[in-house]
Amino acid sequence: MRLHSRTQAAKESIFPKMSALALRLQAVNLGQGFPSTPPPAFLLEAVGRALGRYDQYAPPAGLPILREALAEEFGVEPESVVVTSGATEAIYVLLQSLLGPGDEVVVLEPFFDVYLPDAFLAGAEARLVRLALGEEGFWLDLKALEGAVTERTRALLLNTPMNPTGLVFGEEELRAIAELARRHDLFLISDEVYDELYYTPSPPPRLKDFAPERTFTVGSAGKRLEATGYRVGWIVGPKEYMGTLAGMRQWTSFSAPSPLQAGVAEALRVARQEGFYEALRASYRKRRDLLYQGLRTLGLKAFLPQGTYFLMAELPGWEAFSLLERARVALIPGEAFYREDPPKGLFRFAFCKKEEELVLALERLGAVVNSQA
């Protein structure tokens, strides 16, 4: 007897593996992207009020109060929102709903690790478009993107602000992507879980603003509200498709935890009213700059991100596990975000950690990265 071949997509991810090793070795964990600070008090208080009131199943589409809160955020009707158990489930449900055997989805590389397994589980093939990497960082070649589209392509999946590169797509790129999708009648999946973590002078535009009739926007309360373990995500999309998507997610987790949905619904409004996101961005910008300048001082090439809480840098000659053992700093190697032939010596740093952790990581890295002795 043997398991089905689809289980090849179920290999253990390097992210929890690095976190477990970091804990065992008492390392600074700049690998897995979870904050080392607690969620805001207003979220914890809102969840506390929800306990005892929202304790049974929520509808598969989500608690009405959360769908209404998200509809306000995105300027849509509540019927255009489906709540999911995290953004990971949202991506899975979308690819299962939009793709089938023989179809293709275009994915930008480097990519978040769930995209390719989810395409595989849908029976589809991922066609990769690699971002160019220059002295100033990563950028998208729009001609290469169009060249990846074939008659079998059904959807284009992108992530902005982008994990792991920190790239934020602007109006020019998003407008071109929307026009490309219309020419080829493609669905657009826009993974925007880091939508409030940007360091550009003004809020970046959303892809749905350029192609609302075909765009599904994926979001995450865990990223917005510093509570990655809550697993409350969402899909915002064309109303005519959303009832079917809610039906599809009946067969995954059925519904996200009800008290967490209720708490998030209240907290989203408080966060907007009290300027929480502005303060969060300022805090992350400070930590980003600390890490970036520290790496540069060590003589390393680092690429300044425009968004997210990730930064890419080159540590030539090092491998993630030996670096963890020698420096006791956990990082994610670049190959985790590439299908094959990744750039050499590239690592992702998560700076969603306390400043003292970043300082300690820089001290430890400085003691070893310029020496292979």
# chains A, B, ... in the order shown; residues from 1 in each chain; ligands from 1
$ closest_atom_pairs --of "stretch 171-220 of chain A" --to "stretch 269-283 of chain A" --cutoff "12 Å" --atoms "only C-alpha atoms" --output "JSON lines"
{"residue": "A:Tyr194", "atom": "CA", "partner": "A:Arg281", "partner_atom": "CA", "distance": 10.8}
{"residue": "A:Asp195", "atom": "CA", "partner": "A:Tyr277", "partner_atom": "CA", "distance": 10.2}
{"residue": "A:Glu196", "atom": "CA", "partner": "A:Tyr277", "partner_atom": "CA", "distance": 6.4}
{"residue": "A:Leu197", "atom": "CA", "partner": "A:Arg281", "partner_atom": "CA", "distance": 5.8}
{"residue": "A:Tyr198", "atom": "CA", "partner": "A:Arg281", "partner_atom": "CA", "distance": 6.9}
{"residue": "A:Tyr199", "atom": "CA", "partner": "A:Arg281", "partner_atom": "CA", "distance": 7.1}
{"residue": "A:Thr200", "atom": "CA", "partner": "A:Arg281", "partner_atom": "CA", "distance": 10.4}
{"residue": "A:Pro201", "atom": "CA", "partner": "A:Arg281", "partner_atom": "CA", "distance": 11.6}
{"residue": "A:Ser202", "atom": "CA", "partner": "A:Glu278", "partner_atom": "CA", "distance": 11.4}
{"residue": "A:Pro203", "atom": "CA", "partner": "A:Glu278", "partner_atom": "CA", "distance": 10.9}
$ closest_residue --among "A:Pro110, A:Gly86, A:Pro101, A:Gly294" --to "A:Pro333" --atoms "only C-alpha atoms"
A:Pro110
$ residues_around --residues "A:Ala178" --least-positions-apart "4" --cutoff "12 Å" --atoms "only C-alpha atoms" --output "MDAnalysis selection string"
chainID A and resid 142 145:146 155:158 171:174 182:190 206:215
$ select_by_dssp --residues "stretch 140-328 of chain A" --states "strand (DSSP E)" --output "NGL selection string"
:A and (153-159 or 187-191 or 215-220 or 233-236 or 301-303 or 310-314)
$ closest_residue --among "A:Cys352, A:Ser253, A:Ala267, A:Val129" --to "A:Ala144" --atoms "only C-alpha atoms"
A:Val129
$ atom_distance --atom1 "atom CA of A:Ala265" --atom2 "atom CA of A:Arg224"
12.4 Å
$ residues_around --residues "A:Gly62" --least-positions-apart "5" --cutoff "9 Å" --atoms "only C-alpha atoms" --output "number ranges by chain"
A: 67, 81-84, 234, 246, 255-256, 258, 261
$ closest_residue --among "A:Leu128, A:Val106, A:Ala302, A:Gly307" --to "A:Thr160" --atoms "only C-alpha atoms"
A:Gly307
$ residues_around --residues "A:Thr297" --least-positions-apart "4" --cutoff "12 Å" --atoms "only C-alpha atoms" --output "ChimeraX atom specification"
/A:289-293,301-302,362-363,365-366,370
$ write_last_selection --atoms "N, CA and C atoms" --output "short mmCIF file (atom, residue, chain, number, x, y, z; two decimals), in the first residue's frame"
data_model
loop_
_atom_site.label_atom_id
_atom_site.label_comp_id
_atom_site.auth_asym_id
_atom_site.auth_seq_id
_atom_site.Cartn_x
_atom_site.Cartn_y
_atom_site.Cartn_z
N ASP A 289 15.14 49.70 8.95
CA ASP A 289 16.34 50.50 8.74
C ASP A 289 17.48 50.04 9.64
N LEU A 290 17.15 49.64 10.87
CA LEU A 290 18.17 49.12 11.78
C LEU A 290 18.84 47.89 11.19
N LEU A 291 18.03 46.96 10.71
CA LEU A 291 18.56 45.73 10.14
C LEU A 291 19.33 46.00 8.86
N TYR A 292 18.76 46.80 7.99
CA TYR A 292 19.40 47.10 6.70
C TYR A 292 20.76 47.75 6.90
N GLN A 293 20.80 48.79 7.73
CA GLN A 293 22.07 49.47 7.96
C GLN A 293 23.07 48.57 8.67
N LYS A 301 25.53 42.74 1.08
CA LYS A 301 24.59 43.37 0.16
C LYS A 301 23.17 43.07 0.62
N ALA A 302 22.43 44.11 0.91
CA ALA A 302 21.05 43.97 1.35
C ALA A 302 20.17 44.82 0.44
N LEU A 362 22.50 40.79 14.62
CA LEU A 362 23.58 41.46 13.90
C LEU A 362 24.93 41.21 14.58
N GLU A 363 24.94 41.24 15.90
CA GLU A 363 26.19 40.97 16.62
C GLU A 363 26.68 39.54 16.34
N LEU A 365 25.85 37.57 13.78
CA LEU A 365 26.24 37.42 12.38
C LEU A 365 27.60 38.06 12.13
N GLY A 366 27.83 39.21 12.74
CA GLY A 366 29.10 39.90 12.54
C GLY A 366 30.28 39.10 12.99
N ASN A 370 31.94 36.90 7.97
CA ASN A 370 33.09 37.23 7.16
C ASN A 370 34.27 36.29 7.39
#
$ closest_atom_pairs --of "stretch 62-129 of chain A" --to "stretch 4-25 of chain A" --cutoff "8 Å" --atoms "only C-alpha atoms" --output "CSV"
residue,atom,partner,partner_atom,distance
A:Pro117,CA,A:Ala9,CA,5.2
A:Phe120,CA,A:Ala9,CA,7.5
A:Leu121,CA,A:Arg6,CA,6.6
$ write_last_selection --atoms "N, CA and C atoms" --output "compact mmCIF listing (two decimals), in the first residue's frame"
# COMPACT_ATOMS: atom_id res chain seq x y z
N PRO A 117 2.45 24.20 -4.38
CA PRO A 117 1.70 23.02 -3.95
C PRO A 117 0.19 23.15 -4.17
N PHE A 120 -0.54 22.54 -7.77
CA PHE A 120 -0.40 21.09 -8.01
C PHE A 120 -1.63 20.33 -7.53
N LEU A 121 -2.12 20.65 -6.33
CA LEU A 121 -3.28 19.96 -5.78
C LEU A 121 -4.54 20.24 -6.59
$ residues_around --residues "A:Asp103" --least-positions-apart "6" --cutoff "10 Å" --atoms "only C-alpha atoms" --output "PyMOL selection string"
chain A and resi 119+122-126+150-155
$ residues_around --residues "A:Leu225" --least-positions-apart "3" --cutoff "8 Å" --atoms "only C-alpha atoms" --output "count of residues only"
5
$ closest_residue --among "A:Glu319, A:Glu89, A:Asp113, A:Glu355" --to "A:Leu331" --atoms "only C-alpha atoms"
A:Glu319
$ atom_distance --atom1 "atom CA of A:Leu260" --atom2 "atom CA of A:Leu70"
14.3 Å
$ atom_distance --atom1 "atom CA of A:Phe310" --atom2 "atom CA of A:Gly33"
7.9 Å
$ select_by_dssp --residues "stretch 64-112 of chain A" --states "alpha helix (DSSP H)" --output "mmCIF file with N, CA and C atoms, in the first residue's frame"
data_model
loop_
_atom_site.group_PDB
_atom_site.id
_atom_site.type_symbol
_atom_site.label_atom_id
_atom_site.label_comp_id
_atom_site.auth_asym_id
_atom_site.auth_seq_id
_atom_site.Cartn_x
_atom_site.Cartn_y
_atom_site.Cartn_z
ATOM 1 N N PRO A 64 -21.508 37.713 9.802
ATOM 2 C CA PRO A 64 -21.959 38.949 9.139
ATOM 3 C C PRO A 64 -21.257 40.198 9.646
ATOM 4 N N ILE A 65 -20.950 40.282 10.952
ATOM 5 C CA ILE A 65 -20.313 41.496 11.466
ATOM 6 C C ILE A 65 -18.906 41.675 10.894
ATOM 7 N N LEU A 66 -18.201 40.571 10.638
ATOM 8 C CA LEU A 66 -16.865 40.692 10.053
ATOM 9 C C LEU A 66 -16.950 40.994 8.562
ATOM 10 N N ARG A 67 -17.877 40.375 7.875
ATOM 11 C CA ARG A 67 -18.043 40.687 6.451
ATOM 12 C C ARG A 67 -18.411 42.156 6.255
ATOM 13 N N GLU A 68 -19.237 42.689 7.169
ATOM 14 C CA GLU A 68 -19.604 44.107 7.083
ATOM 15 C C GLU A 68 -18.396 45.011 7.349
ATOM 16 N N ALA A 69 -17.589 44.643 8.336
ATOM 17 C CA ALA A 69 -16.400 45.449 8.642
ATOM 18 C C ALA A 69 -15.423 45.441 7.473
ATOM 19 N N LEU A 70 -15.238 44.280 6.849
ATOM 20 C CA LEU A 70 -14.331 44.183 5.700
ATOM 21 C C LEU A 70 -14.900 44.902 4.479
ATOM 22 N N ALA A 71 -16.220 44.840 4.323
ATOM 23 C CA ALA A 71 -16.843 45.573 3.214
ATOM 24 C C ALA A 71 -16.569 47.071 3.344
ATOM 25 N N GLU A 72 -16.614 47.598 4.566
ATOM 26 C CA GLU A 72 -16.274 49.011 4.786
ATOM 27 C C GLU A 72 -14.820 49.280 4.405
ATOM 28 N N GLU A 73 -13.930 48.367 4.790
ATOM 29 C CA GLU A 73 -12.502 48.547 4.503
ATOM 30 C C GLU A 73 -12.236 48.612 2.997
ATOM 31 N N PHE A 74 -12.914 47.766 2.247
ATOM 32 C CA PHE A 74 -12.595 47.605 0.828
ATOM 33 C C PHE A 74 -13.567 48.321 -0.102
ATOM 34 N N GLY A 86 -7.506 31.886 7.685
ATOM 35 C CA GLY A 86 -6.212 32.382 7.268
ATOM 36 C C GLY A 86 -6.139 32.589 5.768
ATOM 37 N N ALA A 87 -5.146 33.355 5.344
ATOM 38 C CA ALA A 87 -4.951 33.590 3.914
ATOM 39 C C ALA A 87 -4.511 32.329 3.196
ATOM 40 N N THR A 88 -3.866 31.409 3.899
ATOM 41 C CA THR A 88 -3.443 30.149 3.273
ATOM 42 C C THR A 88 -4.646 29.391 2.737
ATOM 43 N N GLU A 89 -5.711 29.311 3.538
ATOM 44 C CA GLU A 89 -6.916 28.641 3.050
ATOM 45 C C GLU A 89 -7.540 29.420 1.901
ATOM 46 N N ALA A 90 -7.475 30.731 1.957
ATOM 47 C CA ALA A 90 -8.033 31.541 0.877
ATOM 48 C C ALA A 90 -7.368 31.205 -0.453
ATOM 49 N N ILE A 91 -6.038 31.105 -0.476
ATOM 50 C CA ILE A 91 -5.318 30.755 -1.704
ATOM 51 C C ILE A 91 -5.715 29.362 -2.169
ATOM 52 N N TYR A 92 -5.798 28.432 -1.242
ATOM 53 C CA TYR A 92 -6.167 27.050 -1.603
ATOM 54 C C TYR A 92 -7.561 27.008 -2.228
ATOM 55 N N VAL A 93 -8.530 27.658 -1.579
ATOM 56 C CA VAL A 93 -9.904 27.652 -2.083
ATOM 57 C C VAL A 93 -9.975 28.310 -3.461
ATOM 58 N N LEU A 94 -9.254 29.402 -3.650
ATOM 59 C CA LEU A 94 -9.280 30.083 -4.947
ATOM 60 C C LEU A 94 -8.696 29.213 -6.055
ATOM 61 N N LEU A 95 -7.564 28.577 -5.794
ATOM 62 C CA LEU A 95 -6.966 27.760 -6.854
ATOM 63 C C LEU A 95 -7.809 26.523 -7.133
ATOM 64 N N GLN A 96 -8.427 25.958 -6.113
ATOM 65 C CA GLN A 96 -9.333 24.835 -6.344
ATOM 66 C C GLN A 96 -10.552 25.264 -7.148
ATOM 67 N N SER A 97 -10.979 26.506 -6.978
ATOM 68 C CA SER A 97 -12.184 26.995 -7.640
ATOM 69 C C SER A 97 -11.927 27.494 -9.058
ATOM 70 N N LEU A 98 -10.732 28.016 -9.313
ATOM 71 C CA LEU A 98 -10.447 28.639 -10.601
ATOM 72 C C LEU A 98 -9.715 27.733 -11.569
#
